[in-house]
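Data file: final_22.cif. Format and content: mmCIF, C-alpha atoms.
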data_run
#
loop_
_atom_site.group_PDB
_atom_site.id
_atom_site.type_symbol
_atom_site.label_atom_id
_atom_site.label_comp_id
_atom_site.auth_asym_id
_atom_site.auth_seq_id
_atom_site.Cartn_x
_atom_site.Cartn_y
_atom_site.Cartn_z
ATOM 1 C CA MET E 1 73.198 26.667 49.970
ATOM 2 C CA LEU E 2 74.306 27.118 46.379
ATOM 3 C CA ARG E 3 76.026 30.466 46.101
ATOM 4 C CA PHE E 4 74.972 32.282 42.945
ATOM 5 C CA ARG E 5 77.352 35.039 41.883
ATOM 6 C CA ARG E 6 76.181 37.677 39.481
ATOM 7 C CA ARG E 7 79.357 38.812 37.773
ATOM 8 C CA PHE E 8 79.907 42.241 36.885
ATOM 9 C CA ILE E 9 78.226 44.749 34.765
ATOM 10 C CA ALA E 10 80.677 46.651 32.570
ATOM 11 C CA MET E 11 81.388 50.202 33.641
ATOM 12 C CA GLY E 12 79.993 51.675 30.451
ATOM 13 C CA MET E 13 76.789 49.618 30.355
ATOM 14 C CA ALA E 14 73.498 51.462 30.367
ATOM 15 C CA LEU E 15 71.521 51.315 33.579
ATOM 16 C CA PHE E 16 69.496 48.128 33.968
ATOM 17 C CA VAL E 17 65.792 48.783 34.393
ATOM 18 C CA VAL E 18 63.540 46.196 36.035
ATOM 19 C CA ALA E 19 59.930 45.704 34.950
ATOM 20 C CA VAL E 20 58.036 46.788 38.036
ATOM 21 C CA GLY E 21 54.935 48.734 39.004
ATOM 22 C CA LEU E 22 54.487 52.426 39.561
ATOM 23 C CA GLY E 23 53.551 52.135 43.239
ATOM 24 C CA PRO E 24 54.389 49.973 46.238
ATOM 25 C CA GLN E 25 51.380 47.671 45.698
ATOM 26 C CA SER E 26 51.612 47.366 41.917
ATOM 27 C CA SER E 27 53.232 44.521 40.000
ATOM 28 C CA CYS E 28 52.690 45.691 36.426
ATOM 29 C CA GLY E 29 53.967 48.449 34.170
ATOM 30 C CA PRO E 30 57.533 49.564 33.424
ATOM 31 C CA ALA E 31 59.726 51.559 35.748
ATOM 32 C CA GLU E 32 60.748 55.000 34.572
ATOM 33 C CA PRO E 33 64.195 54.865 32.961
ATOM 34 C CA ILE E 34 67.071 56.691 34.593
ATOM 35 C CA GLU E 35 69.367 58.283 32.041
ATOM 36 C CA GLN E 36 72.991 57.342 32.577
ATOM 37 C CA SER E 37 75.290 60.211 33.459
ATOM 38 C CA SER E 38 78.552 60.714 31.633
ATOM 39 C CA SER E 39 80.254 60.922 35.039
ATOM 40 C CA GLN E 40 82.061 57.768 36.085
ATOM 41 C CA PRO E 41 79.961 55.349 38.155
ATOM 42 C CA LEU E 42 81.283 53.601 41.229
ATOM 43 C CA ALA E 43 80.882 49.870 40.604
ATOM 44 C CA ASP E 44 82.788 47.734 43.090
ATOM 45 C CA GLY E 45 82.725 43.939 42.888
ATOM 46 C CA PHE E 46 85.470 43.639 45.534
ATOM 47 C CA GLU E 47 87.710 41.575 43.272
ATOM 48 C CA GLY E 48 91.006 42.694 44.815
ATOM 49 C CA GLU E 49 92.752 41.499 47.941
ATOM 50 C CA SER E 50 91.661 44.464 50.058
ATOM 51 C CA LEU E 51 89.253 47.394 50.139
ATOM 52 C CA ASP E 52 89.811 50.140 47.555
ATOM 53 C CA SER E 53 90.754 53.045 49.825
ATOM 54 C CA ASP E 54 90.320 55.554 46.988
ATOM 55 C CA SER E 55 86.604 54.717 46.905
ATOM 56 C CA TRP E 56 85.859 53.788 50.517
ATOM 57 C CA GLY E 57 86.774 54.843 54.031
ATOM 58 C CA THR E 58 86.213 52.740 57.140
ATOM 59 C CA CYS E 59 84.793 55.346 59.562
ATOM 60 C CA HIS E 60 82.403 58.265 59.561
ATOM 61 C CA TRP E 61 83.981 61.719 59.303
ATOM 62 C CA TRP E 62 82.940 62.401 62.920
ATOM 63 C CA GLY E 63 84.257 59.133 64.341
ATOM 64 C CA CYS E 64 83.842 55.376 64.365
ATOM 65 C CA THR E 65 80.467 54.951 66.073
ATOM 66 C CA ILE E 66 77.156 56.821 66.384
ATOM 67 C CA ALA E 67 76.933 57.895 70.007
ATOM 68 C CA SER E 68 73.373 59.231 69.701
ATOM 69 C CA ASN E 69 72.200 55.698 68.843
ATOM 70 C CA LYS E 70 73.936 54.286 71.943
ATOM 71 C CA GLU E 71 75.713 51.771 69.704
ATOM 72 C CA LEU E 72 78.077 49.328 71.402
ATOM 73 C CA GLN E 73 80.647 48.944 68.609
ATOM 74 C CA TRP E 74 83.686 50.882 67.465
ATOM 75 C CA TYR E 75 84.460 50.541 63.760
ATOM 76 C CA GLU E 76 87.976 49.380 62.919
ATOM 77 C CA PRO E 77 89.670 48.960 59.509
ATOM 78 C CA ALA E 78 90.750 45.416 60.430
ATOM 79 C CA GLN E 79 87.076 44.387 60.565
ATOM 80 C CA VAL E 80 86.706 45.141 56.833
ATOM 81 C CA THR E 81 88.081 42.288 54.723
ATOM 82 C CA VAL E 82 87.855 41.027 51.152
ATOM 83 C CA ALA E 83 87.964 37.360 50.137
ATOM 84 C CA ASP E 84 86.892 35.576 46.944
ATOM 85 C CA GLY E 85 85.166 38.645 45.548
ATOM 86 C CA VAL E 86 83.119 39.375 48.672
ATOM 87 C CA LEU E 87 83.489 42.213 51.178
ATOM 88 C CA TYR E 88 82.916 41.273 54.825
ATOM 89 C CA LEU E 89 82.019 43.717 57.599
ATOM 90 C CA THR E 90 82.650 41.618 60.691
ATOM 91 C CA ALA E 91 81.526 42.223 64.265
ATOM 92 C CA GLU E 92 83.388 40.557 67.123
ATOM 93 C CA ALA E 93 82.823 40.504 70.873
ATOM 94 C CA VAL E 94 86.300 41.912 71.458
ATOM 95 C CA PRO E 95 86.568 45.102 73.552
ATOM 96 C CA VAL E 96 88.268 48.112 71.995
ATOM 97 C CA GLU E 97 89.201 51.560 73.262
ATOM 98 C CA SER E 98 88.600 54.651 71.146
ATOM 99 C CA PRO E 99 91.342 57.289 70.764
ATOM 100 C CA ASP E 100 89.660 59.433 73.443
ATOM 101 C CA GLY E 101 89.677 56.548 75.923
ATOM 102 C CA GLU E 102 86.063 55.374 75.687
ATOM 103 C CA ARG E 103 85.621 51.603 75.965
ATOM 104 C CA PHE E 104 83.392 49.657 73.568
ATOM 105 C CA GLN E 105 82.330 46.042 74.054
ATOM 106 C CA TYR E 106 82.446 45.191 70.358
ATOM 107 C CA ARG E 107 84.433 46.003 67.263
ATOM 108 C CA SER E 108 82.892 45.934 63.798
ATOM 109 C CA GLY E 109 83.273 47.131 60.208
ATOM 110 C CA MET E 110 81.801 49.784 57.939
ATOM 111 C CA ILE E 111 82.545 51.445 54.613
ATOM 112 C CA SER E 112 81.693 54.960 53.448
ATOM 113 C CA SER E 113 82.160 56.847 50.190
ATOM 114 C CA GLY E 114 81.964 60.060 52.215
ATOM 115 C CA PRO E 115 84.695 62.306 53.626
ATOM 116 C CA SER E 116 87.260 61.201 56.191
ATOM 117 C CA GLU E 117 87.251 64.461 58.112
ATOM 118 C CA ARG E 118 84.862 67.208 59.109
ATOM 119 C CA ARG E 119 85.319 69.514 56.130
ATOM 120 C CA GLY E 120 86.840 67.002 53.743
ATOM 121 C CA GLU E 121 85.665 66.109 50.258
ATOM 122 C CA PRO E 122 83.613 62.922 49.873
ATOM 123 C CA ARG E 123 85.275 60.121 47.943
ATOM 124 C CA PHE E 124 82.153 59.681 45.834
ATOM 125 C CA ALA E 125 78.930 61.682 46.062
ATOM 126 C CA PHE E 126 76.157 62.164 43.526
ATOM 127 C CA THR E 127 72.735 63.734 42.997
ATOM 128 C CA TYR E 128 70.099 61.451 41.433
ATOM 129 C CA GLY E 129 70.736 58.022 39.988
ATOM 130 C CA ALA E 130 70.658 54.504 41.383
ATOM 131 C CA VAL E 131 72.362 52.472 44.095
ATOM 132 C CA GLU E 132 72.271 48.685 44.009
ATOM 133 C CA ALA E 133 73.929 46.131 46.296
ATOM 134 C CA ARG E 134 73.815 42.376 46.756
ATOM 135 C CA LEU E 135 73.959 41.545 50.463
ATOM 136 C CA ARG E 136 73.777 38.636 52.864
ATOM 137 C CA VAL E 137 72.811 39.808 56.343
ATOM 138 C CA PRO E 138 73.623 38.074 59.645
ATOM 139 C CA ALA E 139 71.056 36.875 62.171
ATOM 140 C CA GLY E 140 71.355 37.469 65.910
ATOM 141 C CA LYS E 141 69.877 39.830 68.476
ATOM 142 C CA GLY E 142 71.692 43.150 68.644
ATOM 143 C CA LEU E 143 73.033 43.009 65.068
ATOM 144 C CA TRP E 144 72.004 45.895 62.802
ATOM 145 C CA SER E 145 72.862 45.719 59.095
ATOM 146 C CA ALA E 146 72.410 48.912 57.081
ATOM 147 C CA LEU E 147 72.945 50.375 53.619
ATOM 148 C CA TRP E 148 72.167 54.092 53.641
ATOM 149 C CA MET E 149 72.987 57.560 52.313
ATOM 150 C CA LEU E 150 74.019 60.847 53.908
ATOM 151 C CA PRO E 151 74.452 64.373 52.505
ATOM 152 C CA ALA E 152 77.879 65.391 51.257
ATOM 153 C CA PHE E 153 77.600 68.734 53.051
ATOM 154 C CA ARG E 154 78.091 68.504 56.794
ATOM 155 C CA ASP E 155 75.372 70.970 57.791
ATOM 156 C CA SER E 156 72.611 69.296 55.779
ATOM 157 C CA ARG E 157 70.187 66.785 57.299
ATOM 158 C CA PRO E 158 68.353 64.343 54.992
ATOM 159 C CA GLU E 159 69.116 60.618 55.241
ATOM 160 C CA ILE E 160 68.000 57.800 52.942
ATOM 161 C CA ASP E 161 67.948 54.292 54.384
ATOM 162 C CA ILE E 162 68.123 51.931 51.411
ATOM 163 C CA VAL E 163 67.759 48.936 53.696
ATOM 164 C CA GLU E 164 68.093 48.159 57.394
ATOM 165 C CA VAL E 165 67.750 44.662 58.844
ATOM 166 C CA LEU E 166 67.758 43.784 62.537
ATOM 167 C CA GLY E 167 69.325 40.433 63.310
ATOM 168 C CA SER E 168 66.574 39.678 65.827
ATOM 169 C CA ASN E 169 64.049 39.359 62.967
ATOM 170 C CA THR E 170 65.607 38.892 59.544
ATOM 171 C CA ARG E 171 62.188 38.386 57.955
ATOM 172 C CA LYS E 172 61.668 42.154 58.037
ATOM 173 C CA SER E 173 63.540 44.919 56.256
ATOM 174 C CA TYR E 174 63.128 48.652 56.731
ATOM 175 C CA GLN E 175 63.292 51.468 54.175
ATOM 176 C CA SER E 176 62.974 55.154 55.037
ATOM 177 C CA LEU E 177 63.605 58.799 54.252
ATOM 178 C CA HIS E 178 64.611 60.972 57.201
ATOM 179 C CA ARG E 179 63.546 64.471 56.261
ATOM 180 C CA ARG E 180 65.448 67.753 56.489
ATOM 181 C CA ASP E 181 63.342 68.799 59.460
ATOM 182 C CA ARG E 182 64.504 66.436 62.191
ATOM 183 C CA LYS E 183 61.315 67.152 64.141
ATOM 184 C CA SER E 184 59.302 65.432 61.402
ATOM 185 C CA GLU E 185 58.781 61.693 61.527
ATOM 186 C CA PRO E 186 60.620 59.757 58.810
ATOM 187 C CA LEU E 187 58.700 58.459 55.819
ATOM 188 C CA ALA E 188 59.134 54.745 56.411
ATOM 189 C CA HIS E 189 58.165 51.289 55.190
ATOM 190 C CA THR E 190 58.511 47.812 56.655
ATOM 191 C CA GLU E 191 58.789 44.939 54.176
ATOM 192 C CA ARG E 192 58.008 41.405 55.325
ATOM 193 C CA ASN E 193 60.169 38.926 53.488
ATOM 194 C CA ALA E 194 61.458 35.406 53.393
ATOM 195 C CA ASP E 195 64.384 35.058 55.805
ATOM 196 C CA LEU E 196 66.973 37.514 54.464
ATOM 197 C CA ALA E 197 69.756 35.795 56.419
ATOM 198 C CA ASP E 198 69.286 32.574 54.442
ATOM 199 C CA GLY E 199 71.016 33.825 51.291
ATOM 200 C CA TRP E 200 71.858 36.690 48.966
ATOM 201 C CA HIS E 201 69.394 39.457 48.116
ATOM 202 C CA VAL E 202 69.588 42.509 45.855
ATOM 203 C CA TYR E 203 68.599 45.902 47.281
ATOM 204 C CA ARG E 204 68.152 48.885 44.987
ATOM 205 C CA LEU E 205 67.266 52.550 45.328
ATOM 206 C CA GLU E 206 66.297 54.729 42.367
ATOM 207 C CA TRP E 207 66.560 58.449 43.085
ATOM 208 C CA LEU E 208 64.933 60.916 40.701
ATOM 209 C CA PRO E 209 63.895 64.560 41.105
ATOM 210 C CA GLY E 210 60.970 64.458 43.520
ATOM 211 C CA LYS E 211 60.837 60.659 43.706
ATOM 212 C CA LEU E 212 62.504 57.726 45.482
ATOM 213 C CA ARG E 213 61.837 54.067 44.668
ATOM 214 C CA TRP E 214 63.039 51.089 46.705
ATOM 215 C CA TYR E 215 63.356 47.557 45.290
ATOM 216 C CA LEU E 216 64.031 44.152 46.824
ATOM 217 C CA ASP E 217 65.106 41.400 44.421
ATOM 218 C CA GLY E 218 63.660 43.354 41.494
ATOM 219 C CA LYS E 219 60.282 44.056 43.124
ATOM 220 C CA LEU E 220 59.174 47.612 43.809
ATOM 221 C CA ILE E 221 58.313 47.770 47.522
ATOM 222 C CA PHE E 222 58.152 51.470 48.466
ATOM 223 C CA THR E 223 57.873 54.877 46.788
ATOM 224 C CA VAL E 224 58.201 58.406 48.173
ATOM 225 C CA LYS E 225 57.241 61.462 46.115
ATOM 226 C CA GLY E 226 57.350 65.189 46.777
ATOM 227 C CA ASP E 227 59.466 68.102 47.909
ATOM 228 C CA GLU E 228 61.010 66.142 50.781
ATOM 229 C CA VAL E 229 63.077 64.050 48.357
ATOM 230 C CA PRO E 230 66.705 65.252 48.641
ATOM 231 C CA ASP E 231 68.104 67.313 45.774
ATOM 232 C CA GLU E 232 71.727 67.567 46.889
ATOM 233 C CA PRO E 233 74.847 65.388 46.631
ATOM 234 C CA MET E 234 74.831 62.343 48.904
ATOM 235 C CA TYR E 235 77.225 59.500 49.642
ATOM 236 C CA VAL E 236 76.772 55.819 50.518
ATOM 237 C CA VAL E 237 77.461 53.975 53.790
ATOM 238 C CA ALA E 238 77.275 50.258 54.604
ATOM 239 C CA ASN E 239 77.801 49.022 58.150
ATOM 240 C CA LEU E 240 77.156 46.307 60.692
ATOM 241 C CA ALA E 241 76.319 48.001 63.987
ATOM 242 C CA VAL E 242 76.017 46.202 67.321
ATOM 243 C CA GLY E 243 73.504 47.198 69.962
ATOM 244 C CA GLY E 244 71.869 50.560 70.453
ATOM 245 C CA ARG E 245 68.458 52.017 71.160
ATOM 246 C CA TRP E 246 66.725 50.239 68.296
ATOM 247 C CA PRO E 247 68.201 46.701 68.062
ATOM 248 C CA GLY E 248 68.978 46.321 71.759
ATOM 249 C CA SER E 249 72.021 44.498 73.092
ATOM 250 C CA PRO E 250 73.191 41.061 71.950
ATOM 251 C CA ASN E 251 72.271 38.133 74.173
ATOM 252 C CA ASN E 252 73.718 34.674 74.768
ATOM 253 C CA SER E 253 72.206 33.370 71.532
ATOM 254 C CA THR E 254 74.011 35.940 69.353
ATOM 255 C CA GLN E 255 76.947 34.264 67.655
ATOM 256 C CA PHE E 256 80.201 36.133 67.084
ATOM 257 C CA PRO E 257 81.981 36.746 64.845
ATOM 258 C CA ALA E 258 79.078 37.836 62.640
ATOM 259 C CA SER E 259 79.455 39.358 59.180
ATOM 260 C CA LEU E 260 77.476 41.472 56.764
ATOM 261 C CA ALA E 261 78.628 40.123 53.379
ATOM 262 C CA ILE E 262 78.553 42.382 50.299
ATOM 263 C CA ASP E 263 78.926 40.857 46.844
ATOM 264 C CA TYR E 264 78.862 44.187 45.030
ATOM 265 C CA ILE E 265 77.815 47.820 45.281
ATOM 266 C CA GLN E 266 76.978 49.879 42.192
ATOM 267 C CA ILE E 267 76.401 53.629 42.297
ATOM 268 C CA ARG E 268 75.293 55.086 38.961
ATOM 269 C CA PRO E 269 74.670 58.842 38.780
ATOM 270 C CA ALA E 270 71.922 60.059 36.439
ATOM 271 C CA LEU E 271 71.916 62.894 33.951
ATOM 272 C CA ARG E 272 70.744 66.113 35.553
#
Please express the file's structure as structure tokens.
Amino acid sequence: MLRFRRRFIAMGMALFVVAVGLGPQSSCGPAEPIEQSSSQPLADGFEGESLDSDSWGTCHWWGCTIASNKELQWYEPAQVTVADGVLYLTAEAVPVESPDGERFQYRSGMISSGPSERRGEPRFAFTYGAVEARLRVPAGKGLWSALWMLPAFRDSRPEIDIVEVLGSNTRKSYQSLHRRDRKSEPLAHTERNADLADGWHVYRLEWLPGKLRWYLDGKLIFTVKGDEVPDEPMYVVANLAVGGRWPGSPNNSTQFPASLAIDYIQIRPALR
């Protein structure tokens, strides 16, 4: 497949606004503009030889897996690589032992603009604005690609899933807001697409006071409005998980190594 590379938007450029509808089913009318903040955006095209450690860490502040999900991978820095302007988060069927002695069947990669420790400062957090990334997801049962956001403050609870794709069915993508009250069901959407593993696709979240808008390849696919929309600083995570309650375990057809490829991530805070 011909690989199209969209080279990079200058750091000072005004936020690009796509002509989309005002609701998930609409295809006409302009999107509301997001005013660009004077604070520096995070726009990473992964042009260096390695990950920018000032902008990204390679584990969550609590550890290198999510035990409550029953995930089968442990995240390791060596599984995060950069080559030819692309970041790769690579899962391998190679056992690894965590520092506390727990054994994991797989090792994989993640990046986070959040803190490295429990009460640490996030590398990059913001309130309102836009996040956009160009991704190529892997196919295979048990693979779980995700681009999502968490609150900068440890004791807070909302979560925004910009996109999640299960390797068992890469014709579906999932978008959701997990609310502050964990007893409430998330506000969620399932988008049925062409096969997302066949090439590159652009995923975008626009976050305004009282409103969230999700886009896939420039098309508005989901909107959430109301008091449940977070109004606090949040940071961005991208990861390739393996196994767990939702995707299930890999099977004999799952090919390793498998990589979530990221062409770029842009985070542009808005004026408040």
Considering all atoms listed in the file, can you say which of E:Asp227, E:Gly142, E:Asp161, E:Asp198 comes closest to Arg213 of chain E?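 Nearest to Arg213 of chain E: E:Asp161.
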Find the residues around Phe126 of chain E up to 8 Å (all atoms listed in the file counted), leave out those fewer than 2 positions away in its own chain, and share them as a ChimeraX atom specification. /E:124,128-129,232-235,269
Could you spell out the hits of the PyMOL selection byres ((chain E and resi 61) around 7) on the shown file, as a list in words?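 On the file shown, the PyMOL selection byres ((chain E and resi 61) around 7) covers Cys59, His60, Trp62, Gly63, Pro115, Ser116, Glu117 and Arg118 of chain E.
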Would you kindly translate the PyMOL selection byres ((chain E and resi 42) around 10) into the concrete residues it picks from this file, as an NGL selection string? :E and (11 or 39-41 or 43-45 or 55 or 113 or 124-125 or 131 or 265-269)
Counting only C-alpha atoms, the residue among E:Ile160, E:Ala78, E:Ile221, E:Ala197 that lies closest to Leu260 of chain E is E:Ala197
Take the PyMOL selection byres ((chain E and resi 167-181) around 9), run it mentally on this structure, and tell me the resulting residues as a PyMOL selection string. chain E and resi 137-145+156-166+182-198+212+214+222+224+228-230+247+254
Could you pull the residues within 10 Å of Glu71 of chain E, counting all atoms listed in the file, minus those fewer than 3 positions along the same chain, as a PDB file with C-alpha atoms, keeping the file's coordinate frame?
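Printed below is result.pdb as written:
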ATOM      1  CA  THR E  65      80.467  54.951  66.073  1.00  0.00           C
ATOM      2  CA  ILE E  66      77.156  56.821  66.384  1.00  0.00           C
ATOM      3  CA  ALA E  67      76.933  57.895  70.007  1.00  0.00           C
ATOM      4  CA  SER E  68      73.373  59.231  69.701  1.00  0.00           C
ATOM      5  CA  TRP E  74      83.686  50.882  67.465  1.00  0.00           C
ATOM      6  CA  PHE E 104      83.392  49.657  73.568  1.00  0.00           C
ATOM      7  CA  GLN E 105      82.330  46.042  74.054  1.00  0.00           C
ATOM      8  CA  TYR E 106      82.446  45.191  70.358  1.00  0.00           C
ATOM      9  CA  GLY E 142      71.692  43.150  68.644  1.00  0.00           C
ATOM     10  CA  TRP E 144      72.004  45.895  62.802  1.00  0.00           C
ATOM     11  CA  ALA E 241      76.319  48.001  63.987  1.00  0.00           C
ATOM     12  CA  VAL E 242      76.017  46.202  67.321  1.00  0.00           C
ATOM     13  CA  GLY E 243      73.504  47.198  69.962  1.00  0.00           C
ATOM     14  CA  GLY E 244      71.869  50.560  70.453  1.00  0.00           C
ATOM     15  CA  ARG E 245      68.458  52.017  71.160  1.00  0.00           C
ATOM     16  CA  TRP E 246      66.725  50.239  68.296  1.00  0.00           C
ATOM     17  CA  PRO E 247      68.201  46.701  68.062  1.00  0.00           C
ATOM     18  CA  GLY E 248      68.978  46.321  71.759  1.00  0.00           C
ATOM     19  CA  SER E 249      72.021  44.498  73.092  1.00  0.00           C
TER      20      SER E 249
END
Selection: 10 Å around Asp84 of chain E, all atoms listed in the file, excl. self and same-chain fewer than 2 positions, as a ChimeraX atom specification: /E:46-49,82,86-87,263
For atom CA of Tyr88 of chain E and atom CA of Ala261 of chain E, the interatomic separation in Å (one decimal):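 Atom CA of Ala261 of chain E lies at a distance of 4.7 Å from atom CA of Tyr88 of chain E.
Atom to atom, atom CA of Val236 of chain E and atom CA of Tyr264 of chain E stand 13.0 Å apart.
Taking atom CA of Glu121 of chain E as the reference point, atom CA of Arg204 of chain E is found at 25.1 Å.
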From E:Ala130, E:Val96, E:Ala83, E:Ala238, residue lying nearest Thr58 of chain E [all atoms listed in the file]: E:Ala238
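Counting all atoms listed in the file and comparing E:Glu132, E:Pro250, E:Gln255, E:Pro77, the residue that lies closest to Leu216 of chain E is E:Glu132.
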Select all residues near (80.2, 39.6, 61.3) (cut-off 6 Å, inclusive, file coordinates), counting only C-alpha atoms, and output them as a ChimeraX atom specification. /E:89-91,257-260
Hey, could you patch up segment 142-161 of chain E with N, CA and C atoms and hand it over as a PDB file, keeping the file's coordinate frame?
ATOM      1  N   GLY E 142      70.707  42.096  68.464  1.00  0.00           N
ATOM      2  CA  GLY E 142      71.692  43.150  68.644  1.00  0.00           C
ATOM      3  C   GLY E 142      72.486  43.484  67.404  1.00  0.00           C
ATOM      4  N   LEU E 143      72.333  42.717  66.318  1.00  0.00           N
ATOM      5  CA  LEU E 143      73.033  43.009  65.068  1.00  0.00           C
ATOM      6  C   LEU E 143      72.146  43.894  64.193  1.00  0.00           C
ATOM      7  N   TRP E 144      72.756  44.885  63.549  1.00  0.00           N
ATOM      8  CA  TRP E 144      72.004  45.895  62.802  1.00  0.00           C
ATOM      9  C   TRP E 144      72.745  46.170  61.493  1.00  0.00           C
ATOM     10  N   SER E 145      72.275  45.527  60.425  1.00  0.00           N
ATOM     11  CA  SER E 145      72.862  45.719  59.095  1.00  0.00           C
ATOM     12  C   SER E 145      72.193  46.904  58.415  1.00  0.00           C
ATOM     13  N   ALA E 146      72.988  47.727  57.718  1.00  0.00           N
ATOM     14  CA  ALA E 146      72.410  48.912  57.081  1.00  0.00           C
ATOM     15  C   ALA E 146      73.183  49.294  55.829  1.00  0.00           C
ATOM     16  N   LEU E 147      72.418  49.727  54.820  1.00  0.00           N
ATOM     17  CA  LEU E 147      72.945  50.375  53.619  1.00  0.00           C
ATOM     18  C   LEU E 147      72.168  51.673  53.495  1.00  0.00           C
ATOM     19  N   TRP E 148      72.869  52.824  53.520  1.00  0.00           N
ATOM     20  CA  TRP E 148      72.167  54.092  53.641  1.00  0.00           C
ATOM     21  C   TRP E 148      72.973  55.205  53.008  1.00  0.00           C
ATOM     22  N   MET E 149      72.371  56.414  52.968  1.00  0.00           N
ATOM     23  CA  MET E 149      72.987  57.560  52.313  1.00  0.00           C
ATOM     24  C   MET E 149      72.883  58.795  53.197  1.00  0.00           C
ATOM     25  N   LEU E 150      73.948  59.601  53.149  1.00  0.00           N
ATOM     26  CA  LEU E 150      74.019  60.847  53.908  1.00  0.00           C
ATOM     27  C   LEU E 150      74.433  61.991  52.988  1.00  0.00           C
ATOM     28  N   PRO E 151      74.090  63.234  53.347  1.00  0.00           N
ATOM     29  CA  PRO E 151      74.452  64.373  52.505  1.00  0.00           C
ATOM     30  C   PRO E 151      75.945  64.662  52.528  1.00  0.00           C
ATOM     31  N   ALA E 152      76.454  65.093  51.376  1.00  0.00           N
ATOM     32  CA  ALA E 152      77.879  65.391  51.257  1.00  0.00           C
ATOM     33  C   ALA E 152      78.271  66.622  52.059  1.00  0.00           C
ATOM     34  N   PHE E 153      77.305  67.505  52.327  1.00  0.00           N
ATOM     35  CA  PHE E 153      77.600  68.734  53.051  1.00  0.00           C
ATOM     36  C   PHE E 153      77.251  68.549  54.526  1.00  0.00           C
ATOM     37  N   ARG E 154      78.176  68.831  55.370  1.00  0.00           N
ATOM     38  CA  ARG E 154      78.091  68.504  56.794  1.00  0.00           C
ATOM     39  C   ARG E 154      76.851  69.085  57.468  1.00  0.00           C
ATOM     40  N   ASP E 155      76.454  70.291  57.082  1.00  0.00           N
ATOM     41  CA  ASP E 155      75.372  70.970  57.791  1.00  0.00           C
ATOM     42  C   ASP E 155      73.980  70.596  57.283  1.00  0.00           C
ATOM     43  N   SER E 156      73.909  69.715  56.289  1.00  0.00           N
ATOM     44  CA  SER E 156      72.611  69.296  55.779  1.00  0.00           C
ATOM     45  C   SER E 156      72.098  68.085  56.560  1.00  0.00           C
ATOM     46  N   ARG E 157      70.805  67.734  56.378  1.00  0.00           N
ATOM     47  CA  ARG E 157      70.187  66.785  57.299  1.00  0.00           C
ATOM     48  C   ARG E 157      69.505  65.556  56.688  1.00  0.00           C
ATOM     49  N   PRO E 158      69.110  65.518  55.428  1.00  0.00           N
ATOM     50  CA  PRO E 158      68.353  64.343  54.992  1.00  0.00           C
ATOM     51  C   PRO E 158      69.182  63.062  55.055  1.00  0.00           C
ATOM     52  N   GLU E 159      68.486  61.939  55.211  1.00  0.00           N
ATOM     53  CA  GLU E 159      69.116  60.618  55.241  1.00  0.00           C
ATOM     54  C   GLU E 159      68.195  59.645  54.516  1.00  0.00           C
ATOM     55  N   ILE E 160      68.764  58.829  53.645  1.00  0.00           N
ATOM     56  CA  ILE E 160      68.000  57.800  52.942  1.00  0.00           C
ATOM     57  C   ILE E 160      68.497  56.440  53.408  1.00  0.00           C
ATOM     58  N   ASP E 161      67.610  55.657  53.989  1.00  0.00           N
ATOM     59  CA  ASP E 161      67.948  54.292  54.384  1.00  0.00           C
ATOM     60  C   ASP E 161      67.491  53.347  53.279  1.00  0.00           C
TER      61      ASP E 161
END
